[in-house]
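Data block for query_31.txt (compact mmCIF, N, CA and C atoms):
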```txt
# COMPACT_ATOMS: atom_id res chain seq x y z
N MET A 1 77.10 148.32 49.64
CA MET A 1 77.42 146.92 49.46
C MET A 1 78.77 146.64 50.13
N PHE A 2 78.88 145.50 50.74
CA PHE A 2 80.12 145.18 51.41
C PHE A 2 80.81 144.02 50.68
N GLN A 3 82.11 143.99 50.82
CA GLN A 3 82.93 142.97 50.16
C GLN A 3 83.11 141.77 51.08
N ILE A 4 83.08 140.60 50.49
CA ILE A 4 83.37 139.37 51.23
C ILE A 4 84.77 138.91 50.82
N THR A 5 85.64 138.76 51.80
CA THR A 5 87.00 138.35 51.51
C THR A 5 87.05 136.85 51.20
N ASP A 6 88.18 136.43 50.69
CA ASP A 6 88.36 135.01 50.40
C ASP A 6 88.30 134.17 51.68
N PHE A 7 88.85 134.71 52.78
CA PHE A 7 88.79 133.98 54.05
C PHE A 7 87.34 133.80 54.50
N GLN A 8 86.52 134.81 54.31
CA GLN A 8 85.12 134.71 54.70
C GLN A 8 84.38 133.70 53.82
N LYS A 9 84.72 133.65 52.54
CA LYS A 9 84.12 132.65 51.65
C LYS A 9 84.49 131.24 52.10
N ILE A 10 85.74 131.05 52.45
CA ILE A 10 86.19 129.76 52.96
C ILE A 10 85.46 129.44 54.26
N GLY A 11 85.31 130.43 55.12
CA GLY A 11 84.62 130.24 56.39
C GLY A 11 83.17 129.85 56.21
N ILE A 12 82.49 130.46 55.25
CA ILE A 12 81.10 130.09 54.98
C ILE A 12 81.01 128.65 54.52
N GLY A 13 81.97 128.24 53.67
CA GLY A 13 82.00 126.85 53.23
C GLY A 13 82.27 125.88 54.37
N LEU A 14 83.24 126.21 55.22
CA LEU A 14 83.55 125.36 56.36
C LEU A 14 82.37 125.25 57.32
N THR A 15 81.71 126.38 57.57
CA THR A 15 80.54 126.36 58.45
C THR A 15 79.43 125.51 57.85
N GLY A 16 79.21 125.66 56.55
CA GLY A 16 78.19 124.85 55.87
C GLY A 16 78.49 123.36 55.95
N PHE A 17 79.75 123.00 55.69
CA PHE A 17 80.14 121.60 55.80
C PHE A 17 80.01 121.11 57.24
N GLY A 18 80.32 121.98 58.20
CA GLY A 18 80.18 121.61 59.60
C GLY A 18 78.74 121.29 59.96
N VAL A 19 77.83 122.14 59.51
CA VAL A 19 76.40 121.89 59.76
C VAL A 19 75.96 120.60 59.06
N ALA A 20 76.44 120.38 57.84
CA ALA A 20 76.08 119.15 57.12
C ALA A 20 76.59 117.90 57.86
N PHE A 21 77.83 117.95 58.34
CA PHE A 21 78.38 116.81 59.08
C PHE A 21 77.63 116.59 60.39
N LEU A 22 77.27 117.68 61.06
CA LEU A 22 76.47 117.53 62.29
C LEU A 22 75.13 116.89 61.99
N PHE A 23 74.49 117.32 60.91
CA PHE A 23 73.20 116.74 60.51
C PHE A 23 73.36 115.25 60.21
N LEU A 24 74.39 114.90 59.44
CA LEU A 24 74.62 113.48 59.14
C LEU A 24 74.95 112.68 60.40
N GLY A 25 75.70 113.28 61.31
CA GLY A 25 76.02 112.60 62.56
C GLY A 25 74.78 112.29 63.38
N VAL A 26 73.82 113.19 63.38
CA VAL A 26 72.57 112.94 64.10
C VAL A 26 71.74 111.91 63.36
N ILE A 27 71.68 112.01 62.02
CA ILE A 27 70.91 111.05 61.22
C ILE A 27 71.44 109.63 61.41
N PHE A 28 72.76 109.49 61.44
CA PHE A 28 73.37 108.17 61.60
C PHE A 28 73.51 107.81 63.08
N ILE A 29 72.47 108.08 63.83
CA ILE A 29 72.33 107.68 65.22
C ILE A 29 73.53 108.12 66.06
N PHE A 30 73.78 109.42 66.03
CA PHE A 30 74.81 110.07 66.83
C PHE A 30 76.19 109.44 66.64
N ASP A 31 76.61 109.40 65.38
CA ASP A 31 77.94 108.90 65.04
C ASP A 31 78.98 109.87 65.57
N ARG A 32 79.83 109.39 66.42
CA ARG A 32 80.79 110.23 67.13
C ARG A 32 81.75 110.92 66.17
N GLY A 33 82.23 110.21 65.17
CA GLY A 33 83.18 110.78 64.22
C GLY A 33 82.60 111.92 63.41
N LEU A 34 81.41 111.72 62.86
CA LEU A 34 80.77 112.77 62.08
C LEU A 34 80.46 113.99 62.94
N LEU A 35 80.00 113.78 64.16
CA LEU A 35 79.70 114.89 65.04
C LEU A 35 80.96 115.68 65.40
N ALA A 36 82.04 114.97 65.67
CA ALA A 36 83.30 115.64 66.03
C ALA A 36 83.82 116.47 64.85
N VAL A 37 83.82 115.89 63.67
CA VAL A 37 84.28 116.63 62.49
C VAL A 37 83.37 117.82 62.22
N GLY A 38 82.07 117.64 62.37
CA GLY A 38 81.13 118.74 62.17
C GLY A 38 81.37 119.88 63.14
N ASN A 39 81.63 119.56 64.39
CA ASN A 39 81.91 120.60 65.39
C ASN A 39 83.19 121.36 65.05
N ILE A 40 84.22 120.64 64.68
CA ILE A 40 85.49 121.29 64.36
C ILE A 40 85.34 122.17 63.13
N LEU A 41 84.65 121.69 62.11
CA LEU A 41 84.44 122.50 60.91
C LEU A 41 83.59 123.73 61.21
N PHE A 42 82.55 123.58 62.04
CA PHE A 42 81.70 124.70 62.38
C PHE A 42 82.48 125.80 63.10
N ILE A 43 83.26 125.42 64.09
CA ILE A 43 84.01 126.41 64.86
C ILE A 43 85.11 127.05 64.01
N SER A 44 85.80 126.25 63.21
CA SER A 44 86.84 126.84 62.36
C SER A 44 86.22 127.74 61.29
N GLY A 45 85.05 127.38 60.78
CA GLY A 45 84.37 128.24 59.81
C GLY A 45 83.96 129.56 60.43
N LEU A 46 83.47 129.51 61.66
CA LEU A 46 83.12 130.74 62.37
C LEU A 46 84.34 131.62 62.55
N ALA A 47 85.49 131.00 62.87
CA ALA A 47 86.73 131.77 63.04
C ALA A 47 87.16 132.41 61.73
N PHE A 48 86.97 131.72 60.61
CA PHE A 48 87.33 132.28 59.32
C PHE A 48 86.40 133.44 58.95
N VAL A 49 85.13 133.33 59.28
CA VAL A 49 84.17 134.36 58.89
C VAL A 49 84.37 135.63 59.69
N ILE A 50 84.49 135.53 61.01
CA ILE A 50 84.57 136.75 61.83
C ILE A 50 85.96 137.04 62.36
N GLY A 51 86.91 136.14 62.16
CA GLY A 51 88.28 136.35 62.63
C GLY A 51 88.52 135.65 63.96
N LEU A 52 89.79 135.34 64.22
CA LEU A 52 90.15 134.60 65.43
C LEU A 52 89.88 135.40 66.70
N GLU A 53 90.27 136.67 66.71
CA GLU A 53 90.10 137.46 67.93
C GLU A 53 88.62 137.66 68.25
N ARG A 54 87.81 137.98 67.25
CA ARG A 54 86.39 138.18 67.49
C ARG A 54 85.70 136.87 67.88
N THR A 55 86.17 135.74 67.35
CA THR A 55 85.63 134.45 67.75
C THR A 55 85.93 134.19 69.22
N PHE A 56 87.18 134.45 69.61
CA PHE A 56 87.56 134.27 71.01
C PHE A 56 86.69 135.13 71.91
N TRP A 57 86.54 136.42 71.57
CA TRP A 57 85.77 137.32 72.43
C TRP A 57 84.29 136.98 72.40
N PHE A 58 83.80 136.42 71.29
CA PHE A 58 82.39 136.01 71.23
C PHE A 58 82.12 134.92 72.26
N PHE A 59 82.98 133.92 72.31
CA PHE A 59 82.75 132.79 73.20
C PHE A 59 83.06 133.11 74.66
N PHE A 60 83.95 134.05 74.91
CA PHE A 60 84.40 134.26 76.28
C PHE A 60 84.00 135.62 76.85
N GLN A 61 82.87 136.16 76.40
CA GLN A 61 82.29 137.32 77.07
C GLN A 61 81.72 136.86 78.40
N ARG A 62 81.72 137.73 79.36
CA ARG A 62 81.28 137.37 80.71
C ARG A 62 79.85 136.83 80.73
N HIS A 63 78.94 137.47 80.01
CA HIS A 63 77.54 137.04 80.04
C HIS A 63 77.28 135.81 79.17
N LYS A 64 78.27 135.38 78.36
CA LYS A 64 78.10 134.18 77.54
C LYS A 64 78.92 133.01 78.05
N LEU A 65 79.52 133.15 79.21
CA LEU A 65 80.40 132.12 79.73
C LEU A 65 79.67 130.80 79.99
N LYS A 66 78.45 130.88 80.51
CA LYS A 66 77.66 129.67 80.78
C LYS A 66 77.39 128.90 79.49
N GLY A 67 77.02 129.61 78.44
CA GLY A 67 76.77 128.98 77.15
C GLY A 67 78.04 128.39 76.55
N SER A 68 79.15 129.09 76.70
CA SER A 68 80.42 128.60 76.16
C SER A 68 80.87 127.33 76.87
N VAL A 69 80.73 127.31 78.19
CA VAL A 69 81.11 126.11 78.96
C VAL A 69 80.25 124.93 78.53
N ALA A 70 78.94 125.16 78.37
CA ALA A 70 78.05 124.07 77.95
C ALA A 70 78.40 123.61 76.53
N PHE A 71 78.65 124.55 75.62
CA PHE A 71 78.95 124.19 74.23
C PHE A 71 80.25 123.41 74.13
N PHE A 72 81.32 123.95 74.72
CA PHE A 72 82.62 123.26 74.63
C PHE A 72 82.66 122.00 75.48
N GLY A 73 81.93 121.99 76.59
CA GLY A 73 81.83 120.76 77.37
C GLY A 73 81.14 119.66 76.58
N GLY A 74 80.09 120.03 75.86
CA GLY A 74 79.41 119.07 74.99
C GLY A 74 80.31 118.59 73.88
N LEU A 75 81.11 119.49 73.33
CA LEU A 75 82.04 119.11 72.27
C LEU A 75 83.03 118.07 72.78
N PHE A 76 83.57 118.29 73.98
CA PHE A 76 84.51 117.31 74.54
C PHE A 76 83.82 116.00 74.88
N LEU A 77 82.58 116.06 75.33
CA LEU A 77 81.84 114.82 75.59
C LEU A 77 81.64 114.02 74.30
N VAL A 78 81.35 114.71 73.21
CA VAL A 78 81.19 114.03 71.91
C VAL A 78 82.50 113.38 71.50
N ILE A 79 83.59 114.13 71.61
CA ILE A 79 84.90 113.61 71.18
C ILE A 79 85.32 112.42 72.03
N PHE A 80 85.00 112.45 73.33
CA PHE A 80 85.46 111.38 74.22
C PHE A 80 84.45 110.25 74.40
N GLY A 81 83.44 110.17 73.52
CA GLY A 81 82.62 108.97 73.47
C GLY A 81 81.23 109.04 74.07
N TRP A 82 80.71 110.21 74.38
CA TRP A 82 79.36 110.35 74.90
C TRP A 82 78.57 111.27 73.96
N PRO A 83 78.27 110.81 72.74
CA PRO A 83 77.71 111.71 71.73
C PRO A 83 76.31 112.24 72.06
N ILE A 84 75.44 111.44 72.63
CA ILE A 84 74.07 111.91 72.88
C ILE A 84 74.07 112.96 73.99
N ILE A 85 74.75 112.67 75.08
CA ILE A 85 74.82 113.64 76.18
C ILE A 85 75.57 114.89 75.73
N GLY A 86 76.63 114.69 74.96
CA GLY A 86 77.40 115.82 74.45
C GLY A 86 76.58 116.72 73.55
N MET A 87 75.76 116.14 72.68
CA MET A 87 74.93 116.95 71.80
C MET A 87 73.85 117.70 72.58
N LEU A 88 73.36 117.11 73.66
CA LEU A 88 72.40 117.82 74.50
C LEU A 88 73.05 119.06 75.14
N PHE A 89 74.27 118.88 75.64
CA PHE A 89 74.99 120.01 76.22
C PHE A 89 75.30 121.06 75.15
N GLU A 90 75.73 120.60 73.99
CA GLU A 90 76.04 121.53 72.90
C GLU A 90 74.81 122.32 72.47
N THR A 91 73.68 121.65 72.37
CA THR A 91 72.45 122.33 71.96
C THR A 91 72.07 123.40 72.98
N TYR A 92 72.16 123.07 74.25
CA TYR A 92 71.87 124.04 75.30
C TYR A 92 72.83 125.22 75.22
N GLY A 93 74.11 124.94 75.04
CA GLY A 93 75.10 126.01 74.91
C GLY A 93 74.88 126.85 73.67
N PHE A 94 74.52 126.21 72.56
CA PHE A 94 74.25 126.92 71.31
C PHE A 94 73.09 127.89 71.49
N ILE A 95 72.04 127.43 72.16
CA ILE A 95 70.87 128.29 72.39
C ILE A 95 71.26 129.48 73.26
N LEU A 96 72.04 129.25 74.30
CA LEU A 96 72.47 130.35 75.16
C LEU A 96 73.39 131.33 74.42
N LEU A 97 74.26 130.80 73.57
CA LEU A 97 75.21 131.66 72.87
C LEU A 97 74.55 132.48 71.77
N PHE A 98 73.65 131.87 71.01
CA PHE A 98 73.13 132.51 69.81
C PHE A 98 71.70 133.01 69.96
N ARG A 99 71.16 133.08 71.16
CA ARG A 99 69.77 133.50 71.32
C ARG A 99 69.55 134.95 70.92
N GLY A 100 70.56 135.75 70.94
CA GLY A 100 70.44 137.13 70.48
C GLY A 100 70.22 137.23 68.98
N PHE A 101 70.60 136.21 68.23
CA PHE A 101 70.44 136.22 66.79
C PHE A 101 69.11 135.62 66.33
N PHE A 102 68.41 134.95 67.22
CA PHE A 102 67.16 134.29 66.84
C PHE A 102 66.11 135.26 66.27
N PRO A 103 65.89 136.44 66.87
CA PRO A 103 64.91 137.36 66.26
C PRO A 103 65.26 137.78 64.84
N VAL A 104 66.55 137.97 64.57
CA VAL A 104 66.99 138.33 63.23
C VAL A 104 66.71 137.19 62.26
N VAL A 105 67.02 135.98 62.67
CA VAL A 105 66.80 134.80 61.82
C VAL A 105 65.31 134.60 61.57
N ILE A 106 64.49 134.77 62.60
CA ILE A 106 63.05 134.59 62.45
C ILE A 106 62.48 135.62 61.49
N ASN A 107 62.90 136.87 61.61
CA ASN A 107 62.42 137.89 60.68
C ASN A 107 62.86 137.61 59.26
N PHE A 108 64.06 137.09 59.08
CA PHE A 108 64.51 136.71 57.74
C PHE A 108 63.67 135.55 57.19
N LEU A 109 63.43 134.53 58.02
CA LEU A 109 62.65 133.37 57.57
C LEU A 109 61.21 133.74 57.24
N ARG A 110 60.66 134.74 57.91
CA ARG A 110 59.29 135.17 57.62
C ARG A 110 59.16 135.82 56.25
N ARG A 111 60.26 136.26 55.68
CA ARG A 111 60.23 136.88 54.35
C ARG A 111 60.37 135.88 53.22
N ILE A 112 60.69 134.64 53.55
CA ILE A 112 60.78 133.59 52.53
C ILE A 112 59.37 133.08 52.26
N PRO A 113 58.95 132.99 50.98
CA PRO A 113 57.54 132.73 50.66
C PRO A 113 56.89 131.55 51.38
N VAL A 114 57.35 130.34 51.23
CA VAL A 114 56.68 129.18 51.80
C VAL A 114 56.92 129.10 53.31
N VAL A 115 58.15 129.32 53.72
CA VAL A 115 58.49 129.24 55.13
C VAL A 115 57.76 130.33 55.92
N GLY A 116 57.69 131.53 55.37
CA GLY A 116 56.99 132.62 56.03
C GLY A 116 55.52 132.32 56.25
N THR A 117 54.90 131.70 55.27
CA THR A 117 53.49 131.32 55.41
C THR A 117 53.31 130.33 56.55
N LEU A 118 54.21 129.37 56.64
CA LEU A 118 54.13 128.39 57.73
C LEU A 118 54.35 129.04 59.09
N LEU A 119 55.27 130.00 59.15
CA LEU A 119 55.56 130.65 60.42
C LEU A 119 54.41 131.54 60.90
N TYR A 120 53.52 131.93 60.00
CA TYR A 120 52.38 132.75 60.39
C TYR A 120 51.13 131.93 60.74
N LEU A 121 51.21 130.61 60.70
CA LEU A 121 50.08 129.78 61.14
C LEU A 121 49.85 130.01 62.63
N PRO A 122 48.59 129.95 63.10
CA PRO A 122 48.26 130.38 64.47
C PRO A 122 49.13 129.78 65.57
N PHE A 123 49.23 128.46 65.65
CA PHE A 123 49.98 127.85 66.75
C PHE A 123 51.47 128.13 66.61
N ILE A 124 51.99 127.99 65.39
CA ILE A 124 53.42 128.20 65.14
C ILE A 124 53.77 129.67 65.39
N ASN A 125 52.87 130.58 65.03
CA ASN A 125 53.12 132.00 65.21
C ASN A 125 53.32 132.35 66.69
N LYS A 126 52.53 131.74 67.58
CA LYS A 126 52.69 131.99 69.02
C LYS A 126 54.06 131.53 69.50
N VAL A 127 54.48 130.35 69.08
CA VAL A 127 55.78 129.82 69.50
C VAL A 127 56.91 130.69 68.95
N VAL A 128 56.83 131.03 67.66
CA VAL A 128 57.87 131.82 67.02
C VAL A 128 57.94 133.22 67.64
N ASP A 129 56.78 133.82 67.94
CA ASP A 129 56.78 135.13 68.57
C ASP A 129 57.39 135.09 69.97
N SER A 130 57.17 134.00 70.70
CA SER A 130 57.75 133.90 72.03
C SER A 130 59.27 133.76 71.94
N ILE A 131 59.76 133.15 70.88
CA ILE A 131 61.21 133.04 70.68
C ILE A 131 61.78 134.36 70.18
N GLY A 132 61.08 134.97 69.23
CA GLY A 132 61.57 136.20 68.61
C GLY A 132 61.49 137.41 69.50
N ASN A 133 60.62 137.42 70.49
CA ASN A 133 60.47 138.56 71.38
C ASN A 133 61.01 138.28 72.77
N ASP A 134 61.97 137.40 72.87
CA ASP A 134 62.56 137.03 74.17
C ASP A 134 63.25 138.24 74.79
N PRO A 135 62.77 138.72 75.94
CA PRO A 135 63.39 139.90 76.54
C PRO A 135 64.80 139.66 77.05
N THR A 136 65.20 138.41 77.24
CA THR A 136 66.56 138.13 77.72
C THR A 136 67.56 138.11 76.59
N SER A 137 67.08 138.09 75.35
CA SER A 137 68.02 138.04 74.23
C SER A 137 68.52 139.45 73.92
N SER A 138 69.77 139.51 73.50
CA SER A 138 70.35 140.79 73.12
C SER A 138 71.42 140.55 72.07
N MET A 139 71.69 141.56 71.30
CA MET A 139 72.68 141.45 70.25
C MET A 139 74.06 141.91 70.74
N VAL A 140 74.28 142.01 72.03
CA VAL A 140 75.55 142.50 72.57
C VAL A 140 76.60 141.44 72.44
```
Mind turning this structure into structure tokens?
Amino acid sequence: MFQITDFQKIGIGLTGFGVAFLFLGVIFIFDRGLLAVGNILFISGLAFVIGLERTFWFFFQRHKLKGSVAFFGGLFLVIFGWPIIGMLFETYGFILLFRGFFPVVINFLRRIPVVGTLLYLPFINKVVDSIGNDPTSSMV
């Protein structure tokens, strides 16, 4: 069993609030303020969970540079008044940055009773398997 520090607990809370603000920002027709606050909370929560140095190296690895540029470029577009285009860039960057974690998340979701049943439906299973078995994804 591993211990979770107080900083990591705070980081999980910040990340959760960041996701909630992002969700509300999209629901309220791409509200620029909610999206900007959600982005800032998400990134600061990530820094609290894994640490500042590891966060820096996560975003600025050579093979993740394209995703980082898209993600942070989208963040700046949201802040400077182009929320829809910014969120499109952010989503693309998020997919490039976190695609190595998708198989882990899919396997976890398949173990949840109701969600797992839905993920094993024929059409959904093909889509989920194509995401989960992406040969370009890696945990590096």
>> With DSSP run on the backbone, what are the alpha helix (DSSP H) residues within chain A? I'd like them as JSON, numbers by chain.
In response: {"A": [6, 7, 8, 9, 10, 11, 12, 13, 14, 15, 16, 17, 18, 19, 20, 21, 22, 23, 24, 25, 26, 27, 32, 33, 34, 35, 36, 37, 38, 39, 40, 41, 42, 43, 44, 45, 46, 47, 48, 49, 50, 52, 53, 54, 55, 56, 57, 58, 59, 65, 66, 67, 68, 69, 70, 71, 72, 73, 74, 75, 76, 77, 78, 79, 83, 84, 85, 86, 87, 88, 89, 90, 91, 92, 93, 94, 95, 96, 97, 98, 102, 103, 104, 105, 106, 107, 108, 109, 110, 113, 114, 115, 116, 117, 118, 119, 122, 123, 124, 125, 126, 127, 128, 129, 130, 131, 132]}
>> Restricting the calculation to all atoms listed in the file: of A:Thr15, A:Ser130, A:Thr55, A:Gln61, which residue gets closest to Gly38 of chain A?
In response: A:Thr15
> Val49 of chain A: which residues within 6 Å, counting only N, CA and C atoms, same-chain residues fewer than 4 positions away excluded, as JSON, numbers by chain?
Replying inline: {"A": [7, 8, 11, 12, 45]}
> Smallest atom-to-atom distance to Asn133 of chain A: which of A:Phe71, A:Phe102, A:Phe42, A:Trp82, using only N, CA and C atoms?
Replying inline: A:Phe102
>> Using all atoms listed in the file for the distances, tell me which of A:Gly93, A:Gly33, A:Pro83, A:Gly132 is nearest to Val69 of chain A.
In response: A:Gly93
> How many Å lie between atom CA of Phe72 of chain A and atom C of Thr5 of chain A, rounded to one decimal?
Replying inline: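 Computing it gives 27.4 Å between the two atoms.
Taking atom CA of Leu118 of chain A as the reference point, atom CA of Gly13 of chain A is found at 28.3 Å.
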> What is the distance between atom CA of Thr91 of chain A and atom N of Arg62 of chain A, in Å to one decimal?
Replying inline: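 Computing it gives 19.4 Å between the two atoms.
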>> Report as number ranges by chain all protein, DNA and RNA residues lying within 7 Å of Ile43 of chain A, evaluated on all atoms listed in the file, omitting residues in the same chain fewer than 3 positions from it.
In response: A: 14-15, 18, 38-40, 46-48
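Counting only N, CA and C atoms, the residue from A:Val19, A:Leu97, A:Val26, A:Ile84 that sits nearest to Ser68 of chain A is A:Leu97.
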> Looking at A:Leu24, A:Val128, A:Lys9, A:Asp31, which one is nearest to Leu109 of chain A, with distances taken over only C-alpha atoms?
Replying inline: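 Of all the options, A:Val128 lies closest to Leu109 of chain A.
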Is it possible to get the axis-aligned box enclosing segment 33-44 of chain A (all listed atoms, 5 Å extra per side) as lines of an AutoDock Vina configuration file, with centre and edge lengths in Å rounded to one decimal?
```
center_x = 83.3
center_y = 119.0
center_z = 63.5
size_x = 17.1
size_y = 27.5
size_z = 15.1
```
>> Give me, as JSON, numbers by chain, all polymer residues having an atom no more than 8 Å from Arg32 of chain A, counting only N, CA and C atoms and skipping those fewer than 2 positions away in the same chain.
In response: {"A": [25, 26, 28, 29, 30, 34, 35, 36, 37, 38, 78, 79, 80, 81, 82, 83, 84]}
> Between A:Asn107, A:Gln3, A:Leu96, A:Gly74, which is the closest to Asp129 of chain A once you count only C-alpha atoms?
Replying inline: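 Closest residue, counting only C-alpha atoms: A:Asn107.
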